[in-house]
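Source file upload_15.cif; content: mmCIF, C-alpha atoms.
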```cif
data_structure
loop_
_atom_site.group_PDB
_atom_site.id
_atom_site.type_symbol
_atom_site.label_atom_id
_atom_site.label_comp_id
_atom_site.auth_asym_id
_atom_site.auth_seq_id
_atom_site.Cartn_x
_atom_site.Cartn_y
_atom_site.Cartn_z
ATOM 1 C CA MET A 10 116.820 24.777 -45.465
ATOM 2 C CA ARG A 11 117.952 25.077 -49.062
ATOM 3 C CA CYS A 12 120.929 22.940 -50.073
ATOM 4 C CA ILE A 13 123.049 22.885 -53.199
ATOM 5 C CA LEU A 14 124.009 19.323 -54.107
ATOM 6 C CA SER A 15 127.226 18.627 -55.917
ATOM 7 C CA VAL A 16 126.947 16.542 -59.067
ATOM 8 C CA SER A 17 128.870 13.681 -57.475
ATOM 9 C CA THR A 18 126.598 13.671 -54.411
ATOM 10 C CA ALA A 19 123.469 13.710 -56.530
ATOM 11 C CA LEU A 20 124.695 10.874 -58.719
ATOM 12 C CA ARG A 21 125.563 8.842 -55.634
ATOM 13 C CA HIS A 22 122.014 9.321 -54.363
ATOM 14 C CA ILE A 23 120.645 8.043 -57.670
ATOM 15 C CA ARG A 24 122.841 4.934 -57.471
ATOM 16 C CA LEU A 25 121.713 4.254 -53.892
ATOM 17 C CA ILE A 26 118.025 4.183 -54.875
ATOM 18 C CA GLY A 27 118.729 2.034 -57.914
ATOM 19 C CA GLY A 28 118.058 4.740 -60.468
ATOM 20 C CA ASN A 29 119.565 4.889 -63.932
ATOM 21 C CA LEU A 30 122.047 7.608 -64.636
ATOM 22 C CA PRO A 31 120.997 10.133 -67.251
ATOM 23 C CA SER A 32 122.870 9.970 -70.545
ATOM 24 C CA SER A 33 124.821 12.961 -71.764
ATOM 25 C CA GLY A 34 122.178 13.602 -74.414
ATOM 26 C CA SER A 35 119.290 13.405 -71.956
ATOM 27 C CA VAL A 36 117.107 16.422 -71.267
ATOM 28 C CA PHE A 37 117.680 15.703 -67.580
ATOM 29 C CA THR A 38 121.391 16.524 -67.530
ATOM 30 C CA GLN A 39 123.743 16.934 -64.608
ATOM 31 C CA LYS A 40 122.881 20.644 -64.487
ATOM 32 C CA HIS A 41 119.396 19.740 -63.290
ATOM 33 C CA LEU A 42 120.788 17.913 -60.256
ATOM 34 C CA ARG A 43 122.540 20.925 -58.775
ATOM 35 C CA ARG A 44 119.792 22.908 -57.119
ATOM 36 C CA CYS A 45 117.197 21.316 -54.863
ATOM 37 C CA THR A 46 115.861 21.524 -51.343
ATOM 38 C CA SER A 47 116.626 18.897 -48.731
ATOM 39 C CA ASP A 48 112.922 17.980 -48.432
ATOM 40 C CA GLY A 49 112.417 17.752 -52.207
ATOM 41 C CA THR A 50 109.806 20.528 -52.322
ATOM 42 C CA SER A 51 111.718 22.802 -54.690
ATOM 43 C CA MET A 52 114.034 22.389 -57.640
ATOM 44 C CA ASP A 53 115.596 24.848 -60.043
ATOM 45 C CA LEU A 54 114.605 23.801 -63.590
ATOM 46 C CA ALA A 55 116.003 26.839 -65.390
ATOM 47 C CA ASN A 56 118.298 24.701 -67.559
ATOM 48 C CA MET A 57 115.665 22.118 -68.476
ATOM 49 C CA ARG A 58 115.019 22.580 -72.172
ATOM 50 C CA LYS A 59 115.095 20.577 -75.376
ATOM 51 C CA LYS A 60 115.697 21.266 -79.023
ATOM 52 C CA TYR A 61 112.730 21.625 -81.344
ATOM 53 C CA LYS A 62 112.830 22.076 -85.100
ATOM 54 C CA GLY A 63 115.354 24.180 -86.972
ATOM 55 C CA ASP A 64 114.450 27.122 -89.184
ATOM 56 C CA GLU A 65 114.716 24.898 -92.250
ATOM 57 C CA GLU A 66 111.706 22.957 -90.858
ATOM 58 C CA CYS A 67 109.614 25.986 -89.980
ATOM 59 C CA PHE A 68 105.849 26.071 -90.541
ATOM 60 C CA GLU A 69 105.088 28.685 -93.185
ATOM 61 C CA GLU A 70 101.663 29.828 -94.324
ATOM 62 C CA SER A 71 102.402 28.144 -97.641
ATOM 63 C CA HIS A 72 102.716 24.833 -95.761
ATOM 64 C CA LEU A 73 99.053 24.837 -94.795
ATOM 65 C CA ALA A 74 97.499 21.781 -96.408
ATOM 66 C CA PHE A 75 94.091 23.452 -96.281
ATOM 67 C CA LEU A 76 92.652 26.920 -95.751
ATOM 68 C CA ASP A 77 89.776 25.288 -93.903
ATOM 69 C CA PRO A 78 90.979 24.981 -90.271
ATOM 70 C CA ILE A 79 88.906 21.851 -89.592
ATOM 71 C CA LYS A 80 90.533 20.120 -92.555
ATOM 72 C CA GLN A 81 93.937 21.428 -91.439
ATOM 73 C CA PHE A 82 93.243 19.995 -87.978
ATOM 74 C CA GLY A 83 92.466 16.674 -89.642
ATOM 75 C CA ASN A 84 95.757 16.817 -91.541
ATOM 76 C CA TRP A 85 97.811 17.299 -88.370
ATOM 77 C CA PHE A 86 95.651 14.844 -86.410
ATOM 78 C CA ASP A 87 96.245 12.139 -89.011
ATOM 79 C CA GLU A 88 100.001 12.699 -88.784
ATOM 80 C CA ALA A 89 99.787 12.416 -84.994
ATOM 81 C CA THR A 90 97.822 9.152 -85.141
ATOM 82 C CA GLN A 91 100.454 7.715 -87.491
ATOM 83 C CA CYS A 92 103.343 8.669 -85.188
ATOM 84 C CA PRO A 93 104.341 5.535 -83.191
ATOM 85 C CA GLU A 94 105.649 7.672 -80.326
ATOM 86 C CA ILE A 95 102.206 9.162 -79.649
ATOM 87 C CA GLY A 96 100.051 6.799 -77.618
ATOM 88 C CA GLU A 97 96.775 8.744 -77.645
ATOM 89 C CA ALA A 98 96.615 11.379 -80.347
ATOM 90 C CA ASN A 99 93.050 12.217 -79.306
ATOM 91 C CA ALA A 100 94.042 13.119 -75.730
ATOM 92 C CA MET A 101 93.354 16.778 -75.096
ATOM 93 C CA CYS A 102 93.378 19.215 -72.224
ATOM 94 C CA ILE A 103 90.057 20.992 -71.743
ATOM 95 C CA ALA A 104 89.976 24.177 -69.673
ATOM 96 C CA THR A 105 86.754 25.580 -68.245
ATOM 97 C CA ALA A 106 86.053 28.394 -65.803
ATOM 98 C CA THR A 107 83.507 29.502 -63.264
ATOM 99 C CA ASN A 108 81.406 32.630 -63.752
ATOM 100 C CA ASP A 109 83.938 34.627 -61.741
ATOM 101 C CA GLY A 110 86.826 33.396 -63.887
ATOM 102 C CA ARG A 111 88.394 30.679 -61.728
ATOM 103 C CA PRO A 112 89.822 28.170 -64.240
ATOM 104 C CA SER A 113 90.231 24.415 -64.056
ATOM 105 C CA ALA A 114 91.731 21.991 -66.558
ATOM 106 C CA ARG A 115 91.955 18.259 -67.122
ATOM 107 C CA MET A 116 92.706 15.682 -69.812
ATOM 108 C CA VAL A 117 89.868 14.024 -71.731
ATOM 109 C CA LEU A 118 89.584 12.159 -75.032
ATOM 110 C CA LEU A 119 88.275 13.660 -78.246
ATOM 111 C CA LYS A 120 85.578 11.362 -79.623
ATOM 112 C CA GLY A 121 84.814 13.044 -82.935
ATOM 113 C CA TYR A 122 85.097 16.242 -84.911
ATOM 114 C CA SER A 123 83.424 17.852 -87.907
ATOM 115 C CA HIS A 124 82.629 21.329 -89.170
ATOM 116 C CA GLU A 125 80.072 21.476 -86.363
ATOM 117 C CA GLY A 126 82.756 21.170 -83.700
ATOM 118 C CA PHE A 127 84.776 18.886 -81.411
ATOM 119 C CA ARG A 128 82.954 16.226 -79.406
ATOM 120 C CA PHE A 129 83.723 14.652 -76.029
ATOM 121 C CA PHE A 130 81.764 12.847 -73.301
ATOM 122 C CA THR A 131 81.717 13.253 -69.549
ATOM 123 C CA ASN A 132 79.600 13.474 -66.405
ATOM 124 C CA TYR A 133 77.312 16.516 -66.560
ATOM 125 C CA GLU A 134 77.525 16.850 -62.758
ATOM 126 C CA SER A 135 81.351 16.912 -62.694
ATOM 127 C CA ARG A 136 83.233 20.118 -62.005
ATOM 128 C CA LYS A 137 83.695 20.805 -65.701
ATOM 129 C CA GLY A 138 80.042 20.021 -66.350
ATOM 130 C CA CYS A 139 78.896 22.462 -63.679
ATOM 131 C CA GLU A 140 81.251 25.134 -64.987
ATOM 132 C CA LEU A 141 80.041 24.633 -68.548
ATOM 133 C CA GLU A 142 76.425 25.002 -67.417
ATOM 134 C CA SER A 143 77.106 28.434 -65.960
ATOM 135 C CA ASN A 144 79.856 29.549 -68.362
ATOM 136 C CA PRO A 145 79.531 27.704 -71.714
ATOM 137 C CA TYR A 146 83.001 28.402 -73.086
ATOM 138 C CA ALA A 147 86.044 26.137 -73.201
ATOM 139 C CA SER A 148 89.573 25.924 -74.530
ATOM 140 C CA LEU A 149 91.092 22.702 -75.869
ATOM 141 C CA VAL A 150 94.789 21.940 -76.287
ATOM 142 C CA PHE A 151 96.302 19.001 -78.168
ATOM 143 C CA TYR A 152 100.039 18.605 -77.557
ATOM 144 C CA TRP A 153 102.000 16.159 -79.671
ATOM 145 C CA GLU A 154 105.506 16.407 -78.238
ATOM 146 C CA PRO A 155 107.288 14.047 -80.701
ATOM 147 C CA LEU A 156 106.082 16.281 -83.555
ATOM 148 C CA ASN A 157 106.797 19.535 -81.683
ATOM 149 C CA ARG A 158 103.219 20.581 -82.398
ATOM 150 C CA GLN A 159 100.174 21.725 -80.538
ATOM 151 C CA ILE A 160 96.707 22.890 -81.551
ATOM 152 C CA ARG A 161 94.738 25.282 -79.374
ATOM 153 C CA ILE A 162 90.968 25.678 -79.838
ATOM 154 C CA GLU A 163 88.547 28.141 -78.231
ATOM 155 C CA GLY A 164 84.808 27.891 -78.576
ATOM 156 C CA THR A 165 81.322 27.843 -77.156
ATOM 157 C CA VAL A 166 80.030 24.597 -75.699
ATOM 158 C CA GLU A 167 76.633 22.908 -75.867
ATOM 159 C CA ARG A 168 75.272 19.474 -75.056
ATOM 160 C CA ILE A 169 74.830 17.081 -77.958
ATOM 161 C CA PRO A 170 71.376 15.513 -78.552
ATOM 162 C CA TYR A 171 70.274 12.962 -75.953
ATOM 163 C CA GLN A 172 69.989 10.135 -78.483
ATOM 164 C CA SER A 173 73.538 10.745 -79.724
ATOM 165 C CA SER A 174 74.790 10.401 -76.149
ATOM 166 C CA CYS A 175 72.791 7.174 -75.734
ATOM 167 C CA ASP A 176 74.166 5.733 -78.965
ATOM 168 C CA TYR A 177 77.757 6.410 -77.930
ATOM 169 C CA PHE A 178 77.190 5.210 -74.355
ATOM 170 C CA HIS A 179 75.965 1.815 -75.538
ATOM 171 C CA SER A 180 78.817 1.498 -78.020
ATOM 172 C CA ARG A 181 81.310 1.480 -75.121
ATOM 173 C CA PRO A 182 82.545 -1.675 -73.377
ATOM 174 C CA LYS A 183 80.061 -2.758 -70.709
ATOM 175 C CA SER A 184 82.664 -2.243 -67.996
ATOM 176 C CA SER A 185 83.003 1.396 -69.073
ATOM 177 C CA GLN A 186 79.225 1.833 -69.034
ATOM 178 C CA ILE A 187 79.066 0.489 -65.482
ATOM 179 C CA GLY A 188 81.985 2.696 -64.476
ATOM 180 C CA ALA A 189 80.078 5.762 -65.691
ATOM 181 C CA VAL A 190 77.090 4.775 -63.557
ATOM 182 C CA VAL A 191 79.245 4.090 -60.481
ATOM 183 C CA SER A 192 81.138 7.367 -60.634
ATOM 184 C CA ARG A 193 79.337 10.503 -59.518
ATOM 185 C CA GLN A 194 82.336 12.368 -60.835
ATOM 186 C CA SER A 195 84.026 14.992 -58.640
ATOM 187 C CA THR A 196 82.047 14.018 -55.506
ATOM 188 C CA PRO A 197 83.936 12.741 -52.424
ATOM 189 C CA VAL A 198 83.953 9.009 -51.619
ATOM 190 C CA PRO A 199 85.257 7.334 -48.447
ATOM 191 C CA ASN A 200 87.814 5.096 -50.177
ATOM 192 C CA ARG A 201 88.456 2.982 -53.279
ATOM 193 C CA ASP A 202 86.750 -0.051 -51.729
ATOM 194 C CA TYR A 203 83.496 1.908 -51.829
ATOM 195 C CA LEU A 204 83.848 2.203 -55.618
ATOM 196 C CA ARG A 205 84.820 -1.469 -55.947
ATOM 197 C CA GLN A 206 81.720 -2.519 -54.017
ATOM 198 C CA LYS A 207 79.376 -0.335 -56.082
ATOM 199 C CA ASN A 208 80.983 -1.616 -59.280
ATOM 200 C CA ALA A 209 80.570 -5.254 -58.204
ATOM 201 C CA GLU A 210 76.911 -4.645 -57.317
ATOM 202 C CA LEU A 211 76.158 -3.167 -60.728
ATOM 203 C CA GLU A 212 78.093 -5.880 -62.566
ATOM 204 C CA GLU A 213 75.789 -8.400 -60.910
ATOM 205 C CA LYS A 214 72.692 -6.300 -61.506
ATOM 206 C CA TYR A 215 73.349 -5.795 -65.227
ATOM 207 C CA LYS A 216 75.135 -9.033 -66.079
ATOM 208 C CA ASP A 217 72.272 -10.135 -68.352
ATOM 209 C CA THR A 218 70.673 -6.798 -69.205
ATOM 210 C CA GLU A 219 71.541 -3.510 -70.874
ATOM 211 C CA VAL A 220 73.047 -0.779 -68.719
ATOM 212 C CA PRO A 221 70.795 2.305 -68.884
ATOM 213 C CA LYS A 222 72.609 5.548 -69.628
ATOM 214 C CA PRO A 223 72.423 7.766 -66.546
ATOM 215 C CA ASP A 224 70.862 11.191 -67.044
ATOM 216 C CA TYR A 225 73.974 12.814 -65.606
ATOM 217 C CA TRP A 226 76.262 11.473 -68.363
ATOM 218 C CA GLY A 227 76.527 12.571 -71.997
ATOM 219 C CA GLY A 228 78.329 14.470 -74.700
ATOM 220 C CA TYR A 229 79.362 18.043 -75.378
ATOM 221 C CA LEU A 230 80.196 19.840 -78.596
ATOM 222 C CA VAL A 231 82.833 22.580 -78.634
ATOM 223 C CA LYS A 232 81.953 24.935 -81.491
ATOM 224 C CA PRO A 233 85.210 26.700 -82.350
ATOM 225 C CA PHE A 234 85.752 30.359 -83.101
ATOM 226 C CA VAL A 235 89.566 30.229 -82.753
ATOM 227 C CA ILE A 236 91.898 27.433 -83.903
ATOM 228 C CA GLU A 237 95.655 27.961 -83.548
ATOM 229 C CA PHE A 238 98.372 25.761 -85.063
ATOM 230 C CA TRP A 239 101.708 25.912 -83.213
ATOM 231 C CA GLN A 240 105.037 24.351 -84.115
ATOM 232 C CA GLY A 241 108.112 24.645 -81.915
ATOM 233 C CA GLN A 242 111.416 26.137 -83.023
ATOM 234 C CA THR A 243 114.710 25.628 -81.195
ATOM 235 C CA ASN A 244 115.443 29.380 -81.167
ATOM 236 C CA ARG A 245 112.000 29.921 -79.579
ATOM 237 C CA LEU A 246 110.722 31.817 -82.633
ATOM 238 C CA HIS A 247 107.856 29.343 -82.649
ATOM 239 C CA ASP A 248 105.397 29.229 -85.526
ATOM 240 C CA ARG A 249 101.852 30.299 -84.661
ATOM 241 C CA ILE A 250 99.188 30.454 -87.356
ATOM 242 C CA VAL A 251 95.750 31.203 -85.981
ATOM 243 C CA PHE A 252 92.373 30.949 -87.698
ATOM 244 C CA THR A 253 89.536 33.158 -86.415
ATOM 245 C CA LYS A 254 85.878 32.726 -87.288
ATOM 246 C CA LEU A 255 84.256 35.914 -88.581
ATOM 247 C CA ARG A 256 81.130 36.994 -86.729
ATOM 248 C CA ASP A 257 77.826 37.008 -88.562
ATOM 249 C CA GLY A 258 77.768 39.985 -90.913
ATOM 250 C CA GLU A 259 81.487 40.643 -90.490
ATOM 251 C CA THR A 260 83.379 40.777 -93.792
ATOM 252 C CA GLU A 261 86.320 43.103 -93.271
ATOM 253 C CA VAL A 262 89.707 41.415 -93.025
ATOM 254 C CA GLY A 263 92.082 42.992 -90.514
ATOM 255 C CA GLN A 264 95.714 43.946 -90.858
ATOM 256 C CA PHE A 265 97.957 40.945 -91.631
ATOM 257 C CA GLN A 266 94.895 38.712 -91.911
ATOM 258 C CA HIS A 267 94.160 36.549 -94.950
ATOM 259 C CA SER A 268 90.853 35.180 -96.117
ATOM 260 C CA ALA A 269 90.353 31.464 -95.590
ATOM 261 C CA GLU A 270 87.447 29.122 -96.299
ATOM 262 C CA GLY A 271 84.091 28.795 -94.583
ATOM 263 C CA GLY A 272 83.993 32.271 -93.023
ATOM 264 C CA TRP A 273 87.440 32.035 -91.419
ATOM 265 C CA VAL A 274 90.478 34.319 -91.641
ATOM 266 C CA TYR A 275 94.044 33.469 -90.622
ATOM 267 C CA GLN A 276 97.207 35.278 -89.639
ATOM 268 C CA ARG A 277 100.609 34.700 -88.051
ATOM 269 C CA LEU A 278 101.132 35.655 -84.429
ATOM 270 C CA SER A 279 104.391 36.575 -82.766
ATOM 271 C CA PRO A 280 105.656 33.719 -80.605
#
```
Could you spell out this file's structure in structure tokens?
Amino acid sequence: MRCILSVSTALRHIRLIGGNLPSSGSVFTQKHLRRCTSDGTSMDLANMRKKYKGDEECFEESHLAFLDPIKQFGNWFDEATQCPEIGEANAMCIATATNDGRPSARMVLLKGYSHEGFRFFTNYESRKGCELESNPYASLVFYWEPLNRQIRIEGTVERIPYQSSCDYFHSRPKSSQIGAVVSRQSTPVPNRDYLRQKNAELEEKYKDTEVPKPDYWGGYLVKPFVIEFWQGQTNRLHDRIVFTKLRDGETEVGQFQHSAEGGWVYQRLSP
């Protein structure tokens, strides 16, 4: 049964469980306490919003530091790494899909980028690995909330050379190497103790020797053909400047598009 809690009742519940009351400037204001279900399975979040940048801080085409989207990515990435409120600037959501279009998404860490593409490492037998084998396309999203910015990337995906995967694998802490061997990612296990036991066995086995990289673990390269730079605006007229890679032999620039560097064009999209 749906119930509508009064503000006073909701605040009393927070006090009873030892919670801190939200400040008047908090995103979670009293309005957000008014509509919920008695079993906690539903909540009206219609009023949950925050302010972004004002129009005086908008992201114009003239504000692009580079007309090369990889260099522009580097410019924004550097600003994100220097922001003390961002713990992992290289954290990104990667979305993959099956052949019949069923999507899945998860967070991973970017481990390098260049004009060749964006590099990350994972288990080839994981769900994303299996989806990439049958449908080698992916979308990446970096979201840096303190900067009100995100970057969205679409591209084809291929495995990086075996030796490059080996080199990175052995550069990791030994505990991480063992963890990669223990985890047959995305497969069911009976409980966490099972993983603890396997981990302890391998720690003993490899305590004095090198951990061999398993064949089912390695790197991928996302080769981009779309890179979008987004910056939030309080009035929701968000800034979206998207770079698109021209296909081989394609030279004509479309309406509202501008030539960029390295075979790219860019344009502004409606928010």
**OP:** Skip A:Asp77 itself and residues of its chain fewer than 5 positions away, then list as a VMD selection string all residues within 12 Å of it, counting all atoms listed in the file.
**Re:** chain A and resid 82 to 84 123 to 124 236 251 to 254 268 to 275
Please write the residues picked by the PyMOL selection byres ((chain A and resi 163) around 6) on this file as a CSV table (one decimal) with C-alpha atoms, in the frame of the given file.
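Listing of expr.csv after writing:
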```csv
chain,number,residue,atom,x,y,z
A,147,ALA,CA,86.0,26.1,-73.2
A,148,SER,CA,89.6,25.9,-74.5
A,162,ILE,CA,91.0,25.7,-79.8
A,164,GLY,CA,84.8,27.9,-78.6
A,233,PRO,CA,85.2,26.7,-82.4
A,235,VAL,CA,89.6,30.2,-82.8
```
If you take all atoms listed in the file and a cut-off of 7 Å, which residues of stretch 174-277 of chain A touch stretch 58-66 of chain A, and what are their nearest atom pairs and distances in Å to one decimal, in chain and number order, as a Markdown table?
```
| residue | atom | partner | partner_atom | distance |
| --- | --- | --- | --- | --- |
| A:Gly241 | CA | A:Tyr61 | CA | 5.5 |
| A:Gln242 | CA | A:Lys62 | CA | 4.8 |
| A:Thr243 | CA | A:Tyr61 | CA | 4.5 |
```
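Counting only C-alpha atoms, the residue from A:Asn132, A:Leu230, A:Pro155, A:Tyr171 that sits nearest to A:Gly188 is A:Asn132.
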Subject >> A:Tyr146 surroundings by only C-alpha atoms, 7 Å radius, close-in-sequence under 3 positions cut, as a list in words >> reply: Thr105, Leu141, Gly164, Thr165 and Val166 of chain A
Subject >> Of the listed residues A:Thr131, A:Ser113, A:Gln240, A:Gln81, that which approaches A:Tyr177 most closely, counting all atoms listed in the file >> reply: A:Thr131
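Comparing A:Ser279, A:Ser174, A:Ser185, A:Thr196 by their smallest distance to A:Leu211, the closest is A:Ser185 (using only C-alpha atoms).
With atom CA of A:Arg205 on one side and atom CA of A:Val191 on the other, the separation reads 9.1 Å.
Counting from atom CA of A:Tyr229, the distance to atom CA of A:Phe129 is 5.6 Å.
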**OP:** Translate the PyMOL selection byres ((chain A and resi 136) around 12), as applied to the file shown, into an explicit residue set as an MDAnalysis selection string.
**Re:** chainID A and resid 103:107 111:115 131:135 137:144 193:196
Original post:
Residues picked by the PyMOL selection byres ((chain A and resi 156) around 10) here, as a VMD selection string?
Top reply: chain A and resid 61 to 62 85 88 to 89 92 94 to 95 152 to 155 157 to 159 240 to 241
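Across the model, the gap from atom CA of A:Leu149 to atom CA of A:Gly258 is 26.5 Å.
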With 3 Å of padding per side, what axis-aligned box (centre and edge lengths, Å, one decimal) covers all the listed atoms of stretch 85-104 of chain A? Give it as JSON.
```
{"center_x": 97.8, "center_y": 14.9, "center_z": -79.3, "size_x": 21.7, "size_y": 24.6, "size_z": 25.3}
```
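Each of A:Ser192, A:Ser180, A:Asn56, A:Gln264 was checked against A:Pro223 using all atoms listed in the file; the smallest atom-to-atom distance is that of A:Ser192.
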